[in-house]
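Written below as structure tokens is the structure these notes are about.
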Amino acid sequence: MPRVNRTVVLSLLIVSSSVFLLFQLYYYRKYVSKPGPHILSQTGHLTASDVQWQTLRKFLALAQRFRLPLFLADTVSLTLLSEDALRQRDRLVREPHCTFLCTGRPITSFTLHANLWKYDKGFQVLQVRGDDPRLASLDILSGQDIPLHFLLRLQDYIIQVVFLYERSGNYLWFGALRLKGDMDRSFAPFTQLDFGRHAGALNRQELVLTVLDGLDVRIPRNITRFLYEQRHARFLECRYRDARNFLQLYPDDSSSAALDFRRKVKSLLHLAAQTLAQLDVPFWLSSGTCLGWFRQCSIISYSRDVDIGIFVVDFRPDIISAFRNAGLTLKHKFGKVEDSLELSFLRDDIKLDIFFFYEDRDIVWNGGTQAKSGRKFKYVFPRFSLCWAELLDLKVRVPCDTLDYVTANYGSTWSVPVRSWDWKSSPSNVQENGVWPAAEWEELIQVY
């Protein structure tokens, strides 16, 4: 009997062992490791949760088949995932957990960056459509009809698909969910939906693919950041109809000087937004800049400056150096962090005024200082929250109750242009607020 080559035998054993190991790994991933509720209960029957899970699996399979760029945007699921990630740190993608998307509730929300869902495949579908705001302007008051929300129902399970649209300010926009008269109001528990109470704006999301409950799902990489954005996503559209009526009464300045001013303001506002974003300091349009957006969907060409507001709790000592590094010149610094702080910068002969706001019970206020006399002034506003808006192709914040904010500052005649404006006496909400001690002028009244 010929001798068997030991090397050949050893090689065959290694190959066969490797194949068997690969088969075990495949079997484990395919049938054992997936924790989804697709396994029969102890009674041998599918539970309600199992049926709902299968509905979600069918939906995701359709999305994958037609290459729809979905990602999970369900706030409850993502919140629990985020909390789990804090405990496990970077294990979220490598070792996902969840249990039927964390809660097993009968609603799940996804966002879809696409133009149209075309494939119902057995689902009952409620389509909510609306005007495309990207096509609206002072000349065209409404755009074409586009899908905003689709609600898919199967086996008493609701999947909400929220359509995201790119806007000129390099962000993603979604519309409000408004049911028309003939729509079925019992189709879904609308009060439990994560999206739809109002229009919103989100930054572009970096996504990661993970496995939750045995399902391949894309989720935002930075879940905490996404959840923060979703909570503060409310978006206000420009009031084009009112703006057009205003401009018919008071035509806009179309001179070369006015056009040059708008160009410089756009550049300055974009630069300010970029600088403050790097510092993670939120701001909003204030004073005349806010009035221009609200009244005429633009800037006021004779205002000659840009006004923004920042809550003083968001003040950072490196704000001044950040703006200087961005190419702006500090024009003046009035007040102190504890009282009436105000900064003013200059670029291309356009002034950027930054007013810091102080919260005081049911009001907020910002201060003003007259350099030559040391007199202090106070501008009082009702409390407000912040919403997103768009001005000059830039996503910016404005007070959500913009009318109350503008009326507080400019009175009930805010819709009538006023070219002669005295900041010490013209505003409706201005109050005398004492005088800075002369001994502190050098520190508190700095003009450059």
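Chain labels run A, B, ... following the order of the structure tokens; each chain numbers its residues from 1, and ligands are numbered from 1 in the order shown.
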* Fewer than 2 positions away in the same chain doesn't count, so skip those; otherwise give me all residues within 9 Å of Phe355 in chain A, counting only C-alpha atoms, as number ranges by chain. => A: 286, 307-312, 340-344, 353, 357, 366-368
Would you output that residue set with N, CA and C atoms, as a short mmCIF file (atom, residue, chain, number, x, y, z; two decimals), in the first residue's frame?
```cif
data_model
loop_
_atom_site.label_atom_id
_atom_site.label_comp_id
_atom_site.auth_asym_id
_atom_site.auth_seq_id
_atom_site.Cartn_x
_atom_site.Cartn_y
_atom_site.Cartn_z
N SER A 286 -32.38 89.39 14.19
CA SER A 286 -32.98 90.31 15.15
C SER A 286 -33.16 91.68 14.50
N ASP A 307 -28.28 92.54 11.83
CA ASP A 307 -28.54 92.40 13.27
C ASP A 307 -28.84 90.95 13.60
N ILE A 308 -28.15 90.41 14.60
CA ILE A 308 -28.44 89.06 15.06
C ILE A 308 -28.50 89.06 16.59
N GLY A 309 -29.21 88.10 17.14
CA GLY A 309 -29.35 87.95 18.58
C GLY A 309 -28.77 86.63 19.05
N ILE A 310 -28.23 86.63 20.27
CA ILE A 310 -27.68 85.43 20.91
C ILE A 310 -28.08 85.47 22.38
N PHE A 311 -28.56 84.38 22.92
CA PHE A 311 -28.81 84.33 24.35
C PHE A 311 -27.48 84.38 25.09
N VAL A 312 -27.42 85.20 26.14
CA VAL A 312 -26.15 85.41 26.83
C VAL A 312 -25.62 84.12 27.45
N SER A 340 -26.05 93.86 29.59
CA SER A 340 -26.09 94.69 28.38
C SER A 340 -24.92 94.50 27.43
N LEU A 341 -24.46 93.26 27.27
CA LEU A 341 -23.34 93.01 26.36
C LEU A 341 -23.78 93.20 24.91
N GLU A 342 -22.93 93.86 24.16
CA GLU A 342 -23.19 94.12 22.73
C GLU A 342 -21.87 94.17 21.99
N LEU A 343 -21.79 93.49 20.85
CA LEU A 343 -20.59 93.50 20.02
C LEU A 343 -20.95 94.00 18.64
N SER A 344 -20.00 94.70 18.01
CA SER A 344 -20.22 95.18 16.65
C SER A 344 -18.95 94.97 15.84
N ASP A 353 -24.05 93.72 13.94
CA ASP A 353 -24.36 93.97 15.35
C ASP A 353 -24.85 92.69 16.00
N PHE A 357 -29.03 88.57 24.65
CA PHE A 357 -30.34 88.64 25.29
C PHE A 357 -30.32 87.96 26.66
N ASN A 366 -32.53 92.88 25.68
CA ASN A 366 -31.14 93.15 25.32
C ASN A 366 -30.85 94.62 25.62
N GLY A 367 -29.59 94.90 25.80
CA GLY A 367 -29.21 96.24 26.20
C GLY A 367 -28.62 97.07 25.07
N GLY A 368 -28.55 98.37 25.31
CA GLY A 368 -27.90 99.31 24.40
C GLY A 368 -27.15 100.35 25.20
#
```
* To do: Can you check which residues of range 285-415 of chain A DSSP gives as alpha helix (DSSP H) on the backbone and send them as number ranges by chain?
  => A: 287-296, 319-325, 402-410
* **Long-range neighbours of Pro382 in chain A as a PyMOL selection string, 9 Å cut-off, only C-alpha atoms, 5 positions minimum in chain** => chain A and resi 362-365+404-405+408
May I have the selected residues written with N, CA and C atoms, as a PDB file, in the first residue's frame?
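So again_36.pdb came out as:
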```
ATOM      1  N   ASP A 362     -40.860  86.353  32.736  1.00  0.00           N
ATOM      2  CA  ASP A 362     -41.677  86.159  31.537  1.00  0.00           C
ATOM      3  C   ASP A 362     -41.251  87.059  30.380  1.00  0.00           C
ATOM      4  N   ILE A 363     -40.093  87.683  30.457  1.00  0.00           N
ATOM      5  CA  ILE A 363     -39.598  88.542  29.380  1.00  0.00           C
ATOM      6  C   ILE A 363     -38.147  88.185  29.062  1.00  0.00           C
ATOM      7  N   VAL A 364     -37.691  88.669  27.919  1.00  0.00           N
ATOM      8  CA  VAL A 364     -36.265  88.687  27.590  1.00  0.00           C
ATOM      9  C   VAL A 364     -35.926  90.101  27.141  1.00  0.00           C
ATOM     10  N   TRP A 365     -34.674  90.483  27.300  1.00  0.00           N
ATOM     11  CA  TRP A 365     -34.288  91.846  26.929  1.00  0.00           C
ATOM     12  C   TRP A 365     -32.839  91.874  26.473  1.00  0.00           C
ATOM     13  N   ASP A 404     -45.134  88.788  17.131  1.00  0.00           N
ATOM     14  CA  ASP A 404     -45.023  89.375  18.469  1.00  0.00           C
ATOM     15  C   ASP A 404     -43.665  90.039  18.663  1.00  0.00           C
ATOM     16  N   TYR A 405     -42.632  89.395  18.145  1.00  0.00           N
ATOM     17  CA  TYR A 405     -41.273  89.919  18.282  1.00  0.00           C
ATOM     18  C   TYR A 405     -41.128  91.238  17.537  1.00  0.00           C
ATOM     19  N   ALA A 408     -43.261  94.045  19.123  1.00  0.00           N
ATOM     20  CA  ALA A 408     -42.638  94.580  20.339  1.00  0.00           C
ATOM     21  C   ALA A 408     -41.582  95.621  19.997  1.00  0.00           C
TER      22      ALA A 408
END
```
* To do: Tell me, in Å to one decimal, how far CA of Gln127 in chain A is from CA of His149 in chain A.
  =>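 Rounded to one decimal, the two atoms are 6.2 Å apart.
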* Asked: Leaving out range 218-222 of chain A and any residue of its chain fewer than 3 positions from it, which residues lie within 9 Å of it when counting only C-alpha atoms, given as a PyMOL selection string?
  -> chain A and resi 69-73+78+82+205-211+225-227
* Structure fact -> Residue with the minimum atom-to-atom distance to Leu212 in chain A, picked from A:Leu193, A:Leu81, A:Val76, A:Leu126 with only C-alpha atoms counted, is A:Leu81
* Mind listing the strand (DSSP E or B) residues of range 57-299 of chain A, per DSSP on the backbone, as number ranges by chain? => A: 70-72, 107-112, 124-131, 145-154, 157-163, 165-167, 171-174, 200-202, 207-212, 215-220, 234-235, 284-285
* Tell me, as number ranges by chain, which residues lie within 12 Å of range 409-423 of chain A, counting only C-alpha atoms; anything in the same chain fewer than 5 positions away does not count. => A: 242-243, 245-247, 249-252, 286-288, 290-296, 300-304, 365-370, 376-382, 402-404, 428-432
For the selection just defined, write its residues with N, CA and C atoms to a file, as a compact mmCIF listing (two decimals), in the first residue's frame.
```txt
# COMPACT_ATOMS: atom_id res chain seq x y z
N ASP A 242 -47.79 88.15 1.48
CA ASP A 242 -47.75 89.44 2.18
C ASP A 242 -46.57 90.28 1.70
N ALA A 243 -45.44 89.61 1.43
CA ALA A 243 -44.27 90.35 0.96
C ALA A 243 -44.54 90.98 -0.41
N ASN A 245 -47.45 91.89 -1.59
CA ASN A 245 -48.36 93.03 -1.37
C ASN A 245 -47.60 94.23 -0.84
N PHE A 246 -46.65 93.99 0.07
CA PHE A 246 -45.84 95.08 0.61
C PHE A 246 -45.03 95.76 -0.49
N LEU A 247 -44.38 94.95 -1.33
CA LEU A 247 -43.51 95.51 -2.36
C LEU A 247 -44.29 96.20 -3.47
N LEU A 249 -46.77 98.15 -2.73
CA LEU A 249 -46.98 99.47 -2.13
C LEU A 249 -45.67 100.24 -2.00
N TYR A 250 -44.60 99.51 -1.67
CA TYR A 250 -43.30 100.14 -1.44
C TYR A 250 -42.25 99.39 -2.27
N PRO A 251 -42.11 99.73 -3.54
CA PRO A 251 -41.18 99.01 -4.42
C PRO A 251 -39.75 99.01 -3.85
N ASP A 252 -39.09 97.90 -4.04
CA ASP A 252 -37.74 97.73 -3.52
C ASP A 252 -36.75 98.55 -4.34
N SER A 286 -32.38 89.39 14.19
CA SER A 286 -32.98 90.31 15.15
C SER A 286 -33.16 91.68 14.50
N SER A 287 -33.91 92.52 15.17
CA SER A 287 -34.10 93.93 14.79
C SER A 287 -34.46 94.06 13.31
N GLY A 288 -33.76 94.94 12.59
CA GLY A 288 -34.13 95.23 11.21
C GLY A 288 -33.96 94.06 10.27
N CYS A 290 -34.48 90.88 11.04
CA CYS A 290 -35.66 90.05 11.26
C CYS A 290 -36.89 90.69 10.61
N LEU A 291 -37.03 92.00 10.75
CA LEU A 291 -38.16 92.71 10.13
C LEU A 291 -38.14 92.54 8.62
N GLY A 292 -36.96 92.62 8.01
CA GLY A 292 -36.86 92.46 6.56
C GLY A 292 -37.31 91.08 6.11
N TRP A 293 -36.89 90.03 6.84
CA TRP A 293 -37.32 88.68 6.48
C TRP A 293 -38.83 88.54 6.63
N PHE A 294 -39.39 89.04 7.73
CA PHE A 294 -40.81 88.85 8.01
C PHE A 294 -41.69 89.67 7.09
N ARG A 295 -41.26 90.88 6.78
CA ARG A 295 -42.10 91.80 6.03
C ARG A 295 -41.97 91.66 4.53
N GLN A 296 -40.76 91.43 4.04
CA GLN A 296 -40.55 91.46 2.60
C GLN A 296 -39.69 90.32 2.08
N ILE A 300 -33.65 94.87 4.32
CA ILE A 300 -34.04 96.27 4.13
C ILE A 300 -32.82 97.02 3.61
N SER A 301 -32.90 97.45 2.38
CA SER A 301 -31.70 97.98 1.72
C SER A 301 -31.16 99.25 2.36
N TYR A 302 -32.00 100.01 3.04
CA TYR A 302 -31.52 101.25 3.66
C TYR A 302 -31.10 101.05 5.13
N SER A 303 -31.11 99.81 5.62
CA SER A 303 -30.76 99.58 7.03
C SER A 303 -29.26 99.68 7.27
N ARG A 304 -28.47 99.33 6.27
CA ARG A 304 -27.01 99.47 6.29
C ARG A 304 -26.28 98.58 7.27
N TRP A 365 -34.67 90.48 27.30
CA TRP A 365 -34.29 91.85 26.93
C TRP A 365 -32.84 91.87 26.47
N ASN A 366 -32.53 92.88 25.68
CA ASN A 366 -31.14 93.15 25.32
C ASN A 366 -30.85 94.62 25.62
N GLY A 367 -29.59 94.90 25.80
CA GLY A 367 -29.21 96.24 26.20
C GLY A 367 -28.62 97.07 25.07
N GLY A 368 -28.55 98.37 25.31
CA GLY A 368 -27.90 99.31 24.40
C GLY A 368 -27.15 100.35 25.20
N THR A 369 -26.05 100.86 24.64
CA THR A 369 -25.22 101.84 25.34
C THR A 369 -24.89 103.00 24.41
N GLN A 370 -25.05 104.23 24.92
CA GLN A 370 -24.61 105.41 24.18
C GLN A 370 -23.18 105.71 24.61
N LYS A 376 -27.56 103.91 29.46
CA LYS A 376 -27.94 102.53 29.16
C LYS A 376 -29.42 102.48 28.76
N PHE A 377 -29.70 101.55 27.84
CA PHE A 377 -31.08 101.35 27.38
C PHE A 377 -31.40 99.86 27.40
N LYS A 378 -32.67 99.58 27.46
CA LYS A 378 -33.14 98.21 27.58
C LYS A 378 -34.29 98.00 26.60
N TYR A 379 -34.25 96.91 25.84
CA TYR A 379 -35.28 96.60 24.85
C TYR A 379 -35.96 95.30 25.28
N VAL A 380 -37.23 95.37 25.59
CA VAL A 380 -37.96 94.27 26.23
C VAL A 380 -38.83 93.53 25.22
N PHE A 381 -38.77 92.20 25.25
CA PHE A 381 -39.55 91.35 24.36
C PHE A 381 -40.29 90.29 25.19
N PRO A 382 -41.43 89.82 24.70
CA PRO A 382 -42.04 88.63 25.32
C PRO A 382 -41.15 87.43 25.06
N THR A 402 -42.88 85.37 15.39
CA THR A 402 -42.19 86.50 14.76
C THR A 402 -43.01 87.78 14.83
N LEU A 403 -44.32 87.67 14.65
CA LEU A 403 -45.17 88.85 14.69
C LEU A 403 -45.08 89.54 16.04
N ASP A 404 -45.13 88.79 17.13
CA ASP A 404 -45.02 89.38 18.47
C ASP A 404 -43.67 90.04 18.66
N SER A 428 -40.46 100.68 20.02
CA SER A 428 -41.61 100.68 20.93
C SER A 428 -41.27 100.09 22.29
N ASN A 429 -40.24 99.25 22.36
CA ASN A 429 -39.93 98.54 23.59
C ASN A 429 -38.70 99.07 24.31
N VAL A 430 -38.24 100.28 23.97
CA VAL A 430 -37.03 100.82 24.60
C VAL A 430 -37.36 101.42 25.96
N GLN A 431 -36.46 101.22 26.91
CA GLN A 431 -36.59 101.78 28.25
C GLN A 431 -35.24 102.34 28.70
N GLU A 432 -35.26 103.43 29.44
CA GLU A 432 -34.05 103.92 30.08
C GLU A 432 -33.60 102.91 31.12
```
* **Polymer residues at most 6 Å from range 176-183 of chain A, only C-alpha atoms, same-chain spacing of 6 or more positions, as a PyMOL selection string** => chain A and resi 196-199
Once you have the residues from the selection above, write them out as a tab-separated table (two decimals), in the first residue's frame, restricted to all heavy atoms.
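Output file again.tsv is given in full below:
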```tsv
chain	number	residue	atom	x	y	z
A	196	GLY	N	-44.79	65.82	11.53
A	196	GLY	CA	-46.00	66.28	10.88
A	196	GLY	C	-46.72	67.42	11.55
A	196	GLY	O	-47.55	68.09	10.93
A	197	ARG	N	-46.44	67.68	12.83
A	197	ARG	CA	-47.13	68.80	13.49
A	197	ARG	C	-46.77	70.13	12.85
A	197	ARG	O	-47.54	71.08	12.92
A	197	ARG	CB	-46.79	68.80	14.99
A	197	ARG	CG	-47.55	67.75	15.78
A	197	ARG	CD	-47.18	67.77	17.24
A	197	ARG	NE	-45.84	67.27	17.48
A	197	ARG	CZ	-45.53	65.98	17.57
A	197	ARG	NH1	-46.48	65.07	17.44
A	197	ARG	NH2	-44.29	65.59	17.79
A	198	HIS	N	-45.59	70.20	12.27
A	198	HIS	CA	-45.18	71.42	11.57
A	198	HIS	C	-44.09	71.05	10.57
A	198	HIS	O	-43.52	69.95	10.62
A	198	HIS	CB	-44.66	72.46	12.56
A	198	HIS	CG	-43.70	71.88	13.59
A	198	HIS	ND1	-42.46	71.39	13.25
A	198	HIS	CD2	-43.83	71.70	14.93
A	198	HIS	CE1	-41.85	70.95	14.33
A	198	HIS	NE2	-42.66	71.11	15.36
A	199	ALA	N	-43.82	71.95	9.66
A	199	ALA	CA	-42.70	71.77	8.74
A	199	ALA	C	-41.40	71.85	9.52
A	199	ALA	O	-41.34	72.42	10.62
A	199	ALA	CB	-42.74	72.82	7.64
```
